[in-house]
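Dumped work.tsv below, it's TSV, C-alpha atoms and all ligand atoms:
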```
chain	number	residue	atom	x	y	z
Z	20	MET	CA	8.70	46.85	5.26
Z	21	LYS	CA	11.62	44.99	3.70
Z	22	PHE	CA	11.04	43.05	0.48
Z	23	HIS	CA	13.13	40.23	-0.92
Z	24	THR	CA	11.83	41.10	-4.36
Z	25	GLU	CA	13.25	44.62	-4.55
Z	26	ASP	CA	16.09	43.86	-6.96
Z	27	ILE	CA	13.82	41.88	-9.28
Z	28	MET	CA	12.43	43.74	-12.29
Z	29	TYR	CA	8.82	44.90	-12.20
Z	30	PRO	CA	6.75	42.88	-14.74
Z	31	PRO	CA	7.61	44.84	-17.90
Z	32	ILE	CA	4.33	44.04	-19.65
Z	33	LEU	CA	2.36	45.53	-16.74
Z	34	LYS	CA	4.30	48.77	-17.07
Z	35	LEU	CA	3.66	48.93	-20.80
Z	36	THR	CA	-0.02	48.10	-20.48
Z	37	GLU	CA	-0.29	51.05	-18.12
Z	38	ALA	CA	1.38	53.33	-20.70
Z	39	ALA	CA	-0.77	51.92	-23.53
Z	40	LYS	CA	-4.08	52.19	-21.62
Z	41	ARG	CA	-5.06	55.46	-23.26
Z	42	TYR	CA	-4.63	54.03	-26.76
Z	43	VAL	CA	-6.08	50.56	-26.22
Z	44	ALA	CA	-9.61	51.93	-26.03
Z	45	SER	CA	-9.32	53.47	-29.51
Z	46	PRO	CA	-10.90	51.49	-32.38
Z	47	ASP	CA	-7.67	52.05	-34.36
Z	48	PHE	CA	-5.43	50.41	-31.76
Z	49	LEU	CA	-3.29	47.59	-33.16
Z	50	ASP	CA	-1.68	45.21	-30.69
Z	51	LEU	CA	1.55	43.65	-31.87
Z	52	GLY	CA	2.76	43.33	-28.32
Z	53	GLN	CA	0.72	40.42	-27.11
Z	54	GLY	CA	2.59	37.10	-27.11
Z	55	LEU	CA	-0.39	35.04	-28.14
Z	56	PRO	CA	-1.39	33.22	-31.32
Z	57	GLY	CA	-4.95	34.58	-31.43
Z	58	HIS	CA	-7.02	31.40	-31.63
Z	59	ILE	CA	-9.10	29.75	-28.92
Z	60	PRO	CA	-9.63	25.99	-28.41
Z	61	PRO	CA	-11.78	24.26	-31.06
Z	62	ASP	CA	-15.59	24.24	-30.64
Z	63	LYS	CA	-15.75	20.46	-30.21
Z	64	ALA	CA	-13.45	20.59	-27.20
Z	65	LEU	CA	-15.37	23.52	-25.71
Z	66	ALA	CA	-18.68	21.68	-26.15
Z	67	SER	CA	-17.33	18.60	-24.32
Z	68	LEU	CA	-16.07	20.78	-21.52
Z	69	ARG	CA	-19.47	22.48	-21.24
Z	70	GLU	CA	-21.04	19.08	-20.57
Z	71	ARG	CA	-18.59	18.41	-17.77
Z	72	LEU	CA	-19.33	21.67	-16.00
Z	73	SER	CA	-22.24	20.14	-14.08
Z	74	HIS	CA	-20.09	17.29	-12.73
Z	75	PRO	CA	-19.11	18.09	-9.15
Z	76	SER	CA	-15.57	16.78	-9.78
Z	77	THR	CA	-14.91	19.56	-12.33
Z	78	HIS	CA	-15.07	22.03	-9.44
Z	79	LEU	CA	-12.66	20.24	-7.13
Z	80	TYR	CA	-8.89	19.82	-6.90
Z	81	THR	CA	-7.30	17.05	-8.90
Z	82	THR	CA	-4.27	15.21	-7.50
Z	83	ASP	CA	-1.21	17.46	-7.27
Z	84	GLN	CA	0.34	15.75	-10.27
Z	85	GLY	CA	-2.73	16.38	-12.42
Z	86	LEU	CA	-5.39	14.11	-13.93
Z	87	LEU	CA	-3.88	10.77	-14.81
Z	88	GLU	CA	-5.93	10.60	-18.01
Z	89	LEU	CA	-4.43	13.92	-19.13
Z	90	ARG	CA	-0.91	12.81	-18.24
Z	91	GLU	CA	-1.39	9.63	-20.23
Z	92	GLU	CA	-2.85	11.45	-23.24
Z	93	LEU	CA	-0.09	14.08	-23.11
Z	94	SER	CA	2.60	11.37	-22.95
Z	95	LEU	CA	1.11	9.79	-26.06
Z	96	TYR	CA	0.99	13.17	-27.83
Z	97	LEU	CA	4.63	13.91	-26.96
Z	98	ARG	CA	5.61	10.44	-28.14
Z	99	GLN	CA	3.82	11.00	-31.45
Z	100	THR	CA	4.82	14.61	-32.11
Z	101	ALA	CA	8.30	14.83	-30.60
Z	102	GLY	CA	9.45	11.24	-30.11
Z	103	ILE	CA	9.77	11.86	-26.37
Z	104	ASP	CA	9.25	8.89	-24.04
Z	105	ILE	CA	8.01	9.66	-20.56
Z	106	ASN	CA	6.36	7.74	-17.79
Z	107	PRO	CA	3.13	9.64	-17.03
Z	108	GLN	CA	3.04	8.20	-13.51
Z	109	THR	CA	6.49	9.24	-12.35
Z	110	GLU	CA	8.07	11.75	-14.74
Z	111	LEU	CA	5.35	14.32	-15.46
Z	112	VAL	CA	3.42	16.96	-13.52
Z	113	ILE	CA	0.64	19.11	-14.96
Z	114	THR	CA	1.22	22.70	-13.85
Z	115	ALA	CA	-0.61	26.02	-13.94
Z	116	GLY	CA	1.21	27.04	-17.11
Z	117	ALA	CA	4.86	26.97	-18.17
Z	118	ASN	CA	5.79	29.93	-15.94
Z	119	ASN	CA	4.51	27.99	-12.94
Z	120	ALA	CA	6.53	25.00	-14.14
Z	121	PHE	CA	9.88	26.73	-14.52
Z	122	ALA	CA	9.45	28.81	-11.36
Z	123	GLY	CA	8.70	25.57	-9.49
Z	124	ALA	CA	11.64	23.80	-11.14
Z	125	ALA	CA	13.91	26.71	-10.19
Z	126	GLN	CA	12.68	26.57	-6.58
Z	127	THR	CA	13.26	22.84	-6.50
Z	128	LEU	CA	16.77	22.93	-7.93
Z	129	ILE	CA	18.45	26.31	-7.46
Z	130	GLY	CA	19.76	27.52	-4.13
Z	131	PRO	CA	20.84	30.98	-2.95
Z	132	ASN	CA	23.94	32.26	-4.76
Z	133	GLU	CA	23.93	29.44	-7.27
Z	134	ASN	CA	23.81	30.61	-10.83
Z	135	VAL	CA	22.13	29.63	-14.06
Z	136	ILE	CA	23.58	30.41	-17.47
Z	137	MET	CA	21.05	32.01	-19.79
Z	138	PRO	CA	21.40	33.03	-23.42
Z	139	THR	CA	20.24	36.56	-24.06
Z	140	PRO	CA	18.01	38.18	-25.33
Z	141	TYR	CA	16.05	36.20	-22.76
Z	142	TYR	CA	12.44	35.64	-21.74
Z	143	PHE	CA	12.34	37.95	-18.71
Z	144	ASN	CA	10.21	35.66	-16.50
Z	145	SER	CA	12.91	32.98	-16.60
Z	146	VAL	CA	15.34	35.48	-15.10
Z	147	MET	CA	12.80	36.57	-12.51
Z	148	ALA	CA	12.17	32.92	-11.56
Z	149	VAL	CA	15.88	32.30	-10.91
Z	150	LYS	CA	16.23	35.51	-8.91
Z	151	LEU	CA	13.20	34.66	-6.79
Z	152	THR	CA	15.11	31.61	-5.52
Z	153	GLY	CA	18.03	33.82	-4.41
Z	154	GLY	CA	20.07	32.54	-7.33
Z	155	ASN	CA	21.72	34.56	-10.08
Z	156	VAL	CA	21.65	34.63	-13.85
Z	157	LYS	CA	24.83	34.64	-15.92
Z	158	GLU	CA	23.99	36.09	-19.30
Z	159	ILE	CA	25.71	34.98	-22.47
Z	160	ARG	CA	24.95	36.70	-25.74
Z	161	THR	CA	23.63	34.68	-28.66
Z	162	ASN	CA	25.35	35.13	-32.03
Z	163	ALA	CA	24.23	37.29	-34.97
Z	164	ASN	CA	21.60	34.69	-35.93
Z	165	PHE	CA	20.35	34.48	-32.33
Z	166	GLN	CA	21.87	30.99	-31.99
Z	167	VAL	CA	23.54	29.91	-28.76
Z	168	VAL	CA	27.27	29.26	-28.93
Z	169	SER	CA	28.00	26.23	-26.76
Z	170	GLU	CA	31.67	27.25	-26.26
Z	171	ASP	CA	30.44	30.49	-24.63
Z	172	ILE	CA	28.33	28.45	-22.26
Z	173	GLU	CA	31.29	26.30	-21.31
Z	174	LYS	CA	33.39	29.42	-20.65
Z	175	ALA	CA	30.72	30.89	-18.36
Z	176	ILE	CA	30.63	27.90	-16.00
Z	177	ASP	CA	32.04	28.48	-12.53
Z	178	ALA	CA	31.94	26.71	-9.16
Z	179	ASN	CA	28.45	28.07	-8.41
Z	180	THR	CA	26.85	27.13	-11.70
Z	181	ARG	CA	23.84	24.89	-11.21
Z	182	GLY	CA	22.35	24.82	-14.65
Z	183	ILE	CA	21.68	26.20	-18.09
Z	184	PHE	CA	18.34	27.63	-19.15
Z	185	LEU	CA	17.33	27.35	-22.81
Z	186	VAL	CA	14.19	28.55	-24.58
Z	187	SER	CA	13.81	27.02	-28.04
Z	188	PRO	CA	11.92	28.03	-30.13
Z	189	ASN	CA	12.82	31.32	-28.55
Z	190	ASN	CA	10.89	34.26	-27.22
Z	191	PRO	CA	11.68	37.00	-28.25
Z	192	THR	CA	13.90	36.07	-31.22
Z	193	GLY	CA	12.05	33.10	-32.75
Z	194	ALA	CA	15.36	31.21	-33.03
Z	195	VAL	CA	15.13	27.44	-33.10
Z	196	TYR	CA	18.35	26.04	-31.67
Z	197	GLU	CA	20.18	23.60	-33.86
Z	198	ARG	CA	20.33	19.95	-32.90
Z	199	LYS	CA	24.12	19.87	-32.78
Z	200	THR	CA	24.19	22.89	-30.47
Z	201	ILE	CA	21.66	21.35	-28.10
Z	202	ASP	CA	23.58	18.08	-28.15
Z	203	SER	CA	26.80	19.82	-27.21
Z	204	ILE	CA	25.01	21.70	-24.41
Z	205	VAL	CA	23.64	18.39	-23.13
Z	206	ASP	CA	27.21	17.03	-23.17
Z	207	ILE	CA	28.39	20.05	-21.19
Z	208	CYS	CA	25.67	19.37	-18.62
Z	209	LEU	CA	26.70	15.74	-18.35
Z	210	ASN	CA	30.41	16.63	-18.00
Z	211	HIS	CA	29.84	19.29	-15.35
Z	212	ASP	CA	26.84	17.68	-13.66
Z	213	LEU	CA	24.54	20.60	-14.46
Z	214	VAL	CA	20.79	20.77	-14.96
Z	215	LEU	CA	19.46	21.72	-18.37
Z	216	PHE	CA	16.16	23.60	-18.07
Z	217	SER	CA	14.50	23.42	-21.48
Z	218	ASP	CA	11.50	25.68	-22.01
Z	219	GLU	CA	9.66	24.27	-25.04
Z	220	THR	CA	6.53	26.41	-24.84
Z	221	TYR	CA	6.62	27.01	-28.62
Z	222	SER	CA	7.70	23.51	-29.65
Z	223	ARG	CA	5.02	23.10	-32.35
Z	224	MET	CA	5.59	26.55	-33.84
Z	225	VAL	CA	8.49	25.67	-36.06
Z	226	PHE	CA	8.48	26.63	-39.75
Z	227	ASP	CA	10.59	26.87	-42.91
Z	228	GLY	CA	11.43	23.15	-42.89
Z	229	SER	CA	13.18	23.48	-39.56
Z	230	SER	CA	12.44	21.09	-36.69
Z	231	HIS	CA	12.36	21.29	-32.94
Z	232	TYR	CA	14.87	19.12	-31.08
Z	233	SER	CA	14.16	18.44	-27.44
Z	234	PRO	CA	17.13	17.60	-25.20
Z	235	ARG	CA	14.82	15.09	-23.52
Z	236	LEU	CA	15.44	12.94	-26.61
Z	237	ARG	CA	18.91	12.27	-25.26
Z	238	ARG	CA	18.30	9.07	-23.34
Z	239	ASP	CA	21.71	9.28	-21.66
Z	240	ALA	CA	20.76	12.64	-20.10
Z	241	THR	CA	17.26	12.14	-18.68
Z	242	GLU	CA	18.66	12.63	-15.16
Z	243	ASN	CA	19.94	16.09	-16.09
Z	244	VAL	CA	17.14	17.51	-18.25
Z	245	ILE	CA	14.00	19.30	-17.07
Z	246	THR	CA	11.52	19.92	-19.88
Z	247	ILE	CA	8.85	22.60	-19.64
Z	248	GLY	CA	5.79	22.82	-21.87
Z	249	SER	CA	2.59	24.81	-22.22
Z	250	PHE	CA	-0.92	24.57	-23.59
Z	251	SER	CA	-1.16	28.37	-23.79
Z	252	LYS	CA	0.17	28.93	-27.30
Z	253	ASP	CA	-0.50	25.89	-29.54
Z	254	PHE	CA	-3.88	25.20	-27.95
Z	255	GLY	CA	-4.87	28.86	-27.55
Z	256	MET	CA	-5.73	28.41	-23.88
Z	257	SER	CA	-3.48	30.86	-21.99
Z	258	GLY	CA	-6.31	31.91	-19.67
Z	259	TRP	CA	-6.87	28.36	-18.47
Z	260	ARG	CA	-3.36	28.11	-17.04
Z	261	VAL	CA	-2.18	24.66	-18.04
Z	262	GLY	CA	1.38	23.55	-18.72
Z	263	TYR	CA	3.66	20.76	-17.61
Z	264	VAL	CA	7.07	19.79	-16.36
Z	265	ILE	CA	8.95	16.60	-17.20
Z	266	GLY	CA	11.94	15.31	-15.27
Z	267	PRO	CA	13.44	12.26	-13.63
Z	268	SER	CA	11.28	10.65	-10.93
Z	269	GLN	CA	13.48	11.87	-8.02
Z	270	PHE	CA	13.03	15.44	-9.30
Z	271	ILE	CA	9.26	15.00	-9.63
Z	272	GLU	CA	9.06	13.75	-6.04
Z	273	GLN	CA	10.78	16.93	-4.82
Z	274	TYR	CA	8.91	19.17	-7.26
Z	275	LEU	CA	5.61	18.06	-5.77
Z	276	LYS	CA	6.54	19.82	-2.52
Z	277	VAL	CA	6.58	23.12	-4.41
Z	278	GLN	CA	3.47	22.25	-6.38
Z	279	ASP	CA	1.51	21.37	-3.25
Z	280	THR	CA	2.56	24.60	-1.54
Z	281	VAL	CA	2.15	27.03	-4.43
Z	282	THR	CA	-0.79	25.82	-6.53
Z	283	ILE	CA	-1.85	22.35	-5.21
Z	284	CYS	CA	-2.86	21.49	-8.76
Z	285	ALA	CA	-3.43	23.10	-12.14
Z	286	PRO	CA	-7.03	24.38	-12.59
Z	287	THR	CA	-9.28	21.35	-13.03
Z	288	ALA	CA	-11.44	22.78	-15.82
Z	289	GLY	CA	-8.28	23.77	-17.70
Z	290	GLN	CA	-6.92	20.24	-17.38
Z	291	LEU	CA	-10.18	18.84	-18.73
Z	292	LEU	CA	-10.09	21.25	-21.66
Z	293	ALA	CA	-6.48	20.32	-22.47
Z	294	LEU	CA	-7.52	16.67	-22.42
Z	295	GLU	CA	-10.41	17.35	-24.82
Z	296	VAL	CA	-8.13	19.20	-27.26
Z	297	LEU	CA	-5.60	16.37	-27.15
Z	298	LYS	CA	-8.32	13.82	-27.82
Z	299	ASN	CA	-10.45	15.68	-30.37
Z	300	GLY	CA	-8.89	18.98	-31.38
Z	301	LEU	CA	-5.46	18.36	-32.83
Z	302	ASP	CA	-6.57	18.99	-36.43
Z	303	ALA	CA	-7.73	22.46	-35.43
Z	304	VAL	CA	-4.38	23.12	-33.72
Z	305	GLU	CA	-2.58	22.12	-36.94
Z	306	GLN	CA	-4.73	24.52	-38.95
Z	307	GLU	CA	-3.82	27.38	-36.62
Z	308	ILE	CA	-0.14	26.60	-37.00
Z	309	GLU	CA	-0.55	26.67	-40.77
Z	310	ARG	CA	-2.35	30.03	-40.44
Z	311	LEU	CA	0.67	31.36	-38.53
Z	312	ASN	CA	2.97	30.02	-41.22
Z	313	LEU	CA	1.16	32.10	-43.87
Z	314	LEU	CA	1.14	35.18	-41.65
Z	315	ARG	CA	4.88	34.86	-41.14
Z	316	GLU	CA	5.44	34.76	-44.90
Z	317	LEU	CA	3.46	37.95	-45.32
Z	318	ALA	CA	5.14	39.69	-42.39
Z	319	TYR	CA	8.65	38.85	-43.61
Z	320	VAL	CA	7.83	40.29	-47.04
Z	321	ARG	CA	6.38	43.46	-45.57
Z	322	ILE	CA	9.10	44.08	-42.98
Z	323	ARG	CA	11.79	44.09	-45.67
Z	324	GLU	CA	10.18	47.21	-47.16
Z	325	ILE	CA	11.28	49.15	-44.09
Z	326	ASP	CA	14.95	50.05	-44.40
Z	327	GLN	CA	15.31	51.05	-40.76
Z	328	LEU	CA	14.40	47.57	-39.57
Z	329	GLU	CA	17.14	44.98	-39.92
Z	330	VAL	CA	15.50	41.64	-39.53
Z	331	ILE	CA	17.04	38.18	-39.20
Z	332	ARG	CA	14.61	35.52	-40.39
Z	333	THR	CA	14.31	32.86	-37.71
Z	334	SER	CA	12.25	29.72	-38.09
Z	335	GLY	CA	10.14	29.56	-34.94
Z	336	THR	CA	7.22	31.29	-33.19
Z	337	PHE	CA	5.19	34.25	-34.43
Z	338	TYR	CA	7.68	36.86	-33.23
Z	339	MET	CA	10.05	39.04	-35.21
Z	340	PHE	CA	12.87	40.80	-33.41
Z	341	PRO	CA	14.32	43.38	-35.81
Z	342	LYS	CA	17.11	45.76	-34.92
Z	343	VAL	CA	16.10	49.35	-35.42
Z	344	ARG	CA	18.81	51.39	-37.10
Z	345	ASP	CA	20.27	54.05	-34.76
Z	346	CYS	CA	17.98	53.15	-31.89
Z	347	THR	CA	19.59	53.28	-28.46
Z	348	ASP	CA	16.43	53.59	-26.37
Z	349	SER	CA	13.84	51.04	-27.40
Z	350	SER	CA	11.45	52.02	-24.56
Z	351	ALA	CA	11.23	55.61	-25.79
Z	352	LEU	CA	10.90	54.39	-29.38
Z	353	VAL	CA	8.02	52.07	-28.56
Z	354	LEU	CA	6.13	54.84	-26.78
Z	355	ASP	CA	6.68	57.14	-29.73
Z	356	ILE	CA	5.43	54.47	-32.18
Z	357	LEU	CA	2.37	53.98	-29.98
Z	358	GLN	CA	1.61	57.69	-29.78
Z	359	SER	CA	2.20	58.32	-33.46
Z	360	THR	CA	0.54	55.25	-34.96
Z	361	GLY	CA	-1.66	53.63	-32.27
Z	362	THR	CA	0.40	50.45	-32.68
Z	363	LEU	CA	1.98	48.60	-29.77
Z	364	VAL	CA	5.21	46.65	-30.15
Z	365	LEU	CA	7.53	45.65	-27.31
Z	366	PRO	CA	10.88	47.31	-26.55
Z	367	GLY	CA	13.84	44.94	-26.91
Z	368	ILE	CA	15.37	46.13	-23.63
Z	369	ILE	CA	12.81	44.16	-21.59
Z	370	PHE	CA	14.50	41.01	-22.92
Z	371	GLY	CA	17.86	42.10	-21.48
Z	372	GLU	CA	20.68	44.44	-22.50
Z	373	ALA	CA	21.31	42.36	-25.63
Z	374	GLY	CA	17.81	43.26	-26.78
Z	375	GLU	CA	18.35	47.02	-26.62
Z	376	GLY	CA	17.96	48.64	-30.02
Z	377	HIS	CA	15.46	45.98	-31.10
Z	378	ILE	CA	11.67	45.79	-31.03
Z	379	ARG	CA	9.56	42.64	-30.73
Z	380	ILE	CA	6.70	42.37	-33.17
Z	381	SER	CA	4.11	39.66	-32.51
Z	382	ILE	CA	1.87	38.81	-35.44
Z	383	GLY	CA	0.18	35.87	-33.69
Z	384	PRO	CA	-3.27	37.34	-33.05
Z	385	LEU	CA	-3.54	39.28	-36.33
Z	386	THR	CA	-5.48	38.67	-39.53
Z	387	PRO	CA	-3.53	39.05	-42.81
Z	388	GLU	CA	-5.30	42.40	-43.30
Z	389	ALA	CA	-4.14	43.55	-39.87
Z	390	VAL	CA	-0.56	42.47	-40.66
Z	391	ASP	CA	-0.72	44.61	-43.79
Z	392	GLU	CA	-2.16	47.52	-41.85
Z	393	ALA	CA	0.50	47.15	-39.14
Z	394	PHE	CA	3.36	47.24	-41.64
Z	395	ASP	CA	1.75	50.14	-43.54
Z	396	ARG	CA	1.79	52.06	-40.28
Z	397	LEU	CA	5.35	51.08	-39.39
Z	398	TYR	CA	6.46	51.93	-42.92
Z	399	SER	CA	5.02	55.44	-42.69
Z	400	TYR	CA	6.40	55.89	-39.18
Z	401	PHE	CA	9.94	54.99	-40.20
Z	402	THR	CA	9.99	56.63	-43.62
Z	403	THR	CA	8.37	60.02	-42.96
Z	501	LIG	C1	9.23	31.13	-23.44
Z	501	LIG	C2	7.96	31.21	-22.67
Z	501	LIG	N1	7.78	30.39	-21.64
Z	501	LIG	C3	6.64	30.42	-20.92
Z	501	LIG	C4	5.63	31.31	-21.22
Z	501	LIG	C5	4.39	31.32	-20.38
Z	501	LIG	O1	3.59	30.24	-20.70
Z	501	LIG	P1	2.34	29.86	-19.80
Z	501	LIG	O2	1.19	30.69	-20.26
Z	501	LIG	O3	2.14	28.40	-20.08
Z	501	LIG	O4	2.71	30.12	-18.39
Z	501	LIG	C6	5.78	32.20	-22.28
Z	501	LIG	C7	4.74	33.18	-22.59
Z	501	LIG	O5	4.89	34.12	-23.32
Z	501	LIG	C8	6.98	32.14	-23.01
Z	501	LIG	O6	7.19	32.98	-24.04
```

Show this structure as structure tokens.
Amino acid sequence: MKFHTEDIMYPPILKLTEAAKRYVASPDFLDLGQGLPGHIPPDKALASLRERLSHPSTHLYTTDQGLLELREELSLYLRQTAGIDINPQTELVITAGANNAFAGAAQTLIGPNENVIMPTPYYFNSVMAVKLTGGNVKEIRTNANFQVVSEDIEKAIDANTRGIFLVSPNNPTGAVYERKTIDSIVDICLNHDLVLFSDETYSRMVFDGSSHYSPRLRRDATENVITIGSFSKDFGMSGWRVGYVIGPSQFIEQYLKVQDTVTICAPTAGQLLALEVLKNGLDAVEQEIERLNLLRELAYVRIREIDQLEVIRTSGTFYMFPKVRDCTDSSALVLDILQSTGTLVLPGIIFGEAGEGHIRISIGPLTPEAVDEAFDRLYSYFTT
């Protein structure tokens, strides 16, 4: 059998989960690999959903675009939290998560042999999504603070370039791209008629007085910008598979062909839950973000005790992406850390060549005690 997927990487997390299986069952296992914040949706929202479970409509498809009430509530939320104006009838589709959204956007917009410029370290699924369309990724390295350099993007453009893919706040580095950088990338897209794919999955997880700037705020560029969002992280509902994509109405019309073929609609119960959280659960979401803020403070204090880890403090997400002194094989290192300490972190290499020599530490699902325990273990691993 011949497969079109052969030159696409195998899902790296699946591989690692396989390797970690033996350790996961142990009561001492500590998971700093999982890219999740640890909370679940607030009780009030869950109780309202429970009541809707006996309605027949909860068990049926919604329209491809998603429940209108959810689209309207989400538009209001984005207006209030990010200043973004969208028409919920024509510019928004509810998707089965952000991955589904950017894979669908890539299928809608990228053709075989076209390329997309992507800052690296990258979120591996964005690369896989581009490659699944038959397109290519042109990697450009971020700078020492994990910021994108817009001049490097401009230099990487060639005749086959279709777009630029940004993730801010970033996975794995936590970098929040500066407003002036995003503005100059938007200008590049306008000058070269490129699409800017903006994955804003972590848009609410911005700390240290920094703020998230969405390129969708540029009213002169709404024809060129595709915005991708998720309910998985802020709302703690990754298993419900709900996200969204925002774009100009002509894009949405085309996107619906992919949506109808691949998923038809996002899971109905998940859409209802997202609606409940938007209507009644935003205080609880805020509290979780504050909890992450405190965890980050603790983690940044503790990580500095470990000389072998050179960390750059970034202002977004619950990830840290330190460079490990003298490490040239992060996969081997991560397995050794797991075997020696029962602690799972992710190898930087899965985020591209630029990530080699780093590890990704996720503190999202941990208690403060577990953060302490994790850094105690890493301290002894690296200092003995
Ligand atoms: C940057 C980024 N985009 C998208 C996703 C996936 O989000 P969803 O669960 O909504 O598909 C993740 C998950 O880790 C992510 O880090």

Residues of chain Z at most 9 Å from ligand LIG 501 (chain Z): nearest atom pair and distance in Å, all atoms listed in the file, as JSON lines:
```
{"residue": "Z:Gln53", "atom": "CA", "partner": "Z:LIG501", "partner_atom": "O5", "distance": 8.5}
{"residue": "Z:Gly54", "atom": "CA", "partner": "Z:LIG501", "partner_atom": "O5", "distance": 5.3}
{"residue": "Z:Leu55", "atom": "CA", "partner": "Z:LIG501", "partner_atom": "O5", "distance": 7.2}
{"residue": "Z:Thr114", "atom": "CA", "partner": "Z:LIG501", "partner_atom": "O3", "distance": 8.5}
{"residue": "Z:Ala115", "atom": "CA", "partner": "Z:LIG501", "partner_atom": "O4", "distance": 6.9}
{"residue": "Z:Gly116", "atom": "CA", "partner": "Z:LIG501", "partner_atom": "O3", "distance": 3.4}
{"residue": "Z:Ala117", "atom": "CA", "partner": "Z:LIG501", "partner_atom": "O3", "distance": 3.6}
{"residue": "Z:Asn118", "atom": "CA", "partner": "Z:LIG501", "partner_atom": "O4", "distance": 3.9}
{"residue": "Z:Asn119", "atom": "CA", "partner": "Z:LIG501", "partner_atom": "O4", "distance": 6.1}
{"residue": "Z:Ala120", "atom": "CA", "partner": "Z:LIG501", "partner_atom": "O4", "distance": 7.7}
{"residue": "Z:Phe121", "atom": "CA", "partner": "Z:LIG501", "partner_atom": "C3", "distance": 8.1}
{"residue": "Z:Tyr141", "atom": "CA", "partner": "Z:LIG501", "partner_atom": "C1", "distance": 8.5}
{"residue": "Z:Tyr142", "atom": "CA", "partner": "Z:LIG501", "partner_atom": "C1", "distance": 5.8}
{"residue": "Z:Phe143", "atom": "CA", "partner": "Z:LIG501", "partner_atom": "C1", "distance": 8.9}
{"residue": "Z:Asn144", "atom": "CA", "partner": "Z:LIG501", "partner_atom": "C3", "distance": 7.7}
{"residue": "Z:Ser145", "atom": "CA", "partner": "Z:LIG501", "partner_atom": "N1", "distance": 7.6}
{"residue": "Z:Leu185", "atom": "CA", "partner": "Z:LIG501", "partner_atom": "C1", "distance": 9.0}
{"residue": "Z:Val186", "atom": "CA", "partner": "Z:LIG501", "partner_atom": "C1", "distance": 5.7}
{"residue": "Z:Ser187", "atom": "CA", "partner": "Z:LIG501", "partner_atom": "C1", "distance": 7.7}
{"residue": "Z:Pro188", "atom": "CA", "partner": "Z:LIG501", "partner_atom": "C1", "distance": 7.8}
{"residue": "Z:Asn189", "atom": "CA", "partner": "Z:LIG501", "partner_atom": "C1", "distance": 6.2}
{"residue": "Z:Asn190", "atom": "CA", "partner": "Z:LIG501", "partner_atom": "O6", "distance": 5.0}
{"residue": "Z:Pro191", "atom": "CA", "partner": "Z:LIG501", "partner_atom": "O6", "distance": 7.4}
{"residue": "Z:Asp218", "atom": "CA", "partner": "Z:LIG501", "partner_atom": "N1", "distance": 6.0}
{"residue": "Z:Glu219", "atom": "CA", "partner": "Z:LIG501", "partner_atom": "C1", "distance": 7.1}
{"residue": "Z:Thr220", "atom": "CA", "partner": "Z:LIG501", "partner_atom": "N1", "distance": 5.3}
{"residue": "Z:Tyr221", "atom": "CA", "partner": "Z:LIG501", "partner_atom": "C1", "distance": 7.1}
{"residue": "Z:Ile247", "atom": "CA", "partner": "Z:LIG501", "partner_atom": "N1", "distance": 8.1}
{"residue": "Z:Gly248", "atom": "CA", "partner": "Z:LIG501", "partner_atom": "O3", "distance": 6.9}
{"residue": "Z:Ser249", "atom": "CA", "partner": "Z:LIG501", "partner_atom": "O3", "distance": 4.2}
{"residue": "Z:Phe250", "atom": "CA", "partner": "Z:LIG501", "partner_atom": "O3", "distance": 6.0}
{"residue": "Z:Ser251", "atom": "CA", "partner": "Z:LIG501", "partner_atom": "O2", "distance": 4.8}
{"residue": "Z:Lys252", "atom": "CA", "partner": "Z:LIG501", "partner_atom": "O2", "distance": 7.3}
{"residue": "Z:Met256", "atom": "CA", "partner": "Z:LIG501", "partner_atom": "O2", "distance": 8.1}
{"residue": "Z:Ser257", "atom": "CA", "partner": "Z:LIG501", "partner_atom": "O2", "distance": 5.0}
{"residue": "Z:Gly258", "atom": "CA", "partner": "Z:LIG501", "partner_atom": "O2", "distance": 7.6}
{"residue": "Z:Trp259", "atom": "CA", "partner": "Z:LIG501", "partner_atom": "O2", "distance": 8.6}
{"residue": "Z:Arg260", "atom": "CA", "partner": "Z:LIG501", "partner_atom": "O2", "distance": 6.1}
{"residue": "Z:Val261", "atom": "CA", "partner": "Z:LIG501", "partner_atom": "O3", "distance": 6.1}
{"residue": "Z:Gly262", "atom": "CA", "partner": "Z:LIG501", "partner_atom": "O3", "distance": 5.1}
{"residue": "Z:Tyr263", "atom": "CA", "partner": "Z:LIG501", "partner_atom": "O3", "distance": 8.2}
```

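Here the question is which of Z:Asp47, Z:Asp212, Z:Asp279, Z:Glu37 gets nearest to Z:Ser359 using only C-alpha atoms, and that residue is Z:Asp47.
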
Residue among Z:Gly52, Z:Ile105, Z:His58, Z:Leu311 lying closest to Z:Arg238, counting only C-alpha atoms: Z:Ile105

Surrounding residues of Z:Gln273 excluding itself and chain neighbours under 2 positions, 12 Å, all atoms listed in the file, as an MDAnalysis selection string: chainID Z and resid 84 109:110 112 123:128 266:271 275:280

Residues proximal to (25.4, 26.4, -8.8) were defined as those with any atom within 6 Å of that point in the file's coordinates, counting only C-alpha atoms. Which are they, as a tab-separated table (two decimals) with C-alpha atoms, keeping the file's coordinate frame?
```tsv
chain	number	residue	atom	x	y	z
Z	133	GLU	CA	23.93	29.44	-7.27
Z	134	ASN	CA	23.81	30.61	-10.83
Z	179	ASN	CA	28.45	28.07	-8.41
Z	180	THR	CA	26.85	27.13	-11.70
Z	181	ARG	CA	23.84	24.89	-11.21
```

Using the file's own x, y and z axes, what box holds all listed atoms of stretch 132-140 of chain Z with 4 Å on each side, keeping edges along x, y and z, and what are its centre and edge lengths in Å to one decimal, as AutoDock Vina command-line options?
```
--center_x 21.0 --center_y 33.8 --center_z -15.0 --size_x 13.9 --size_y 16.7 --size_z 28.6
```
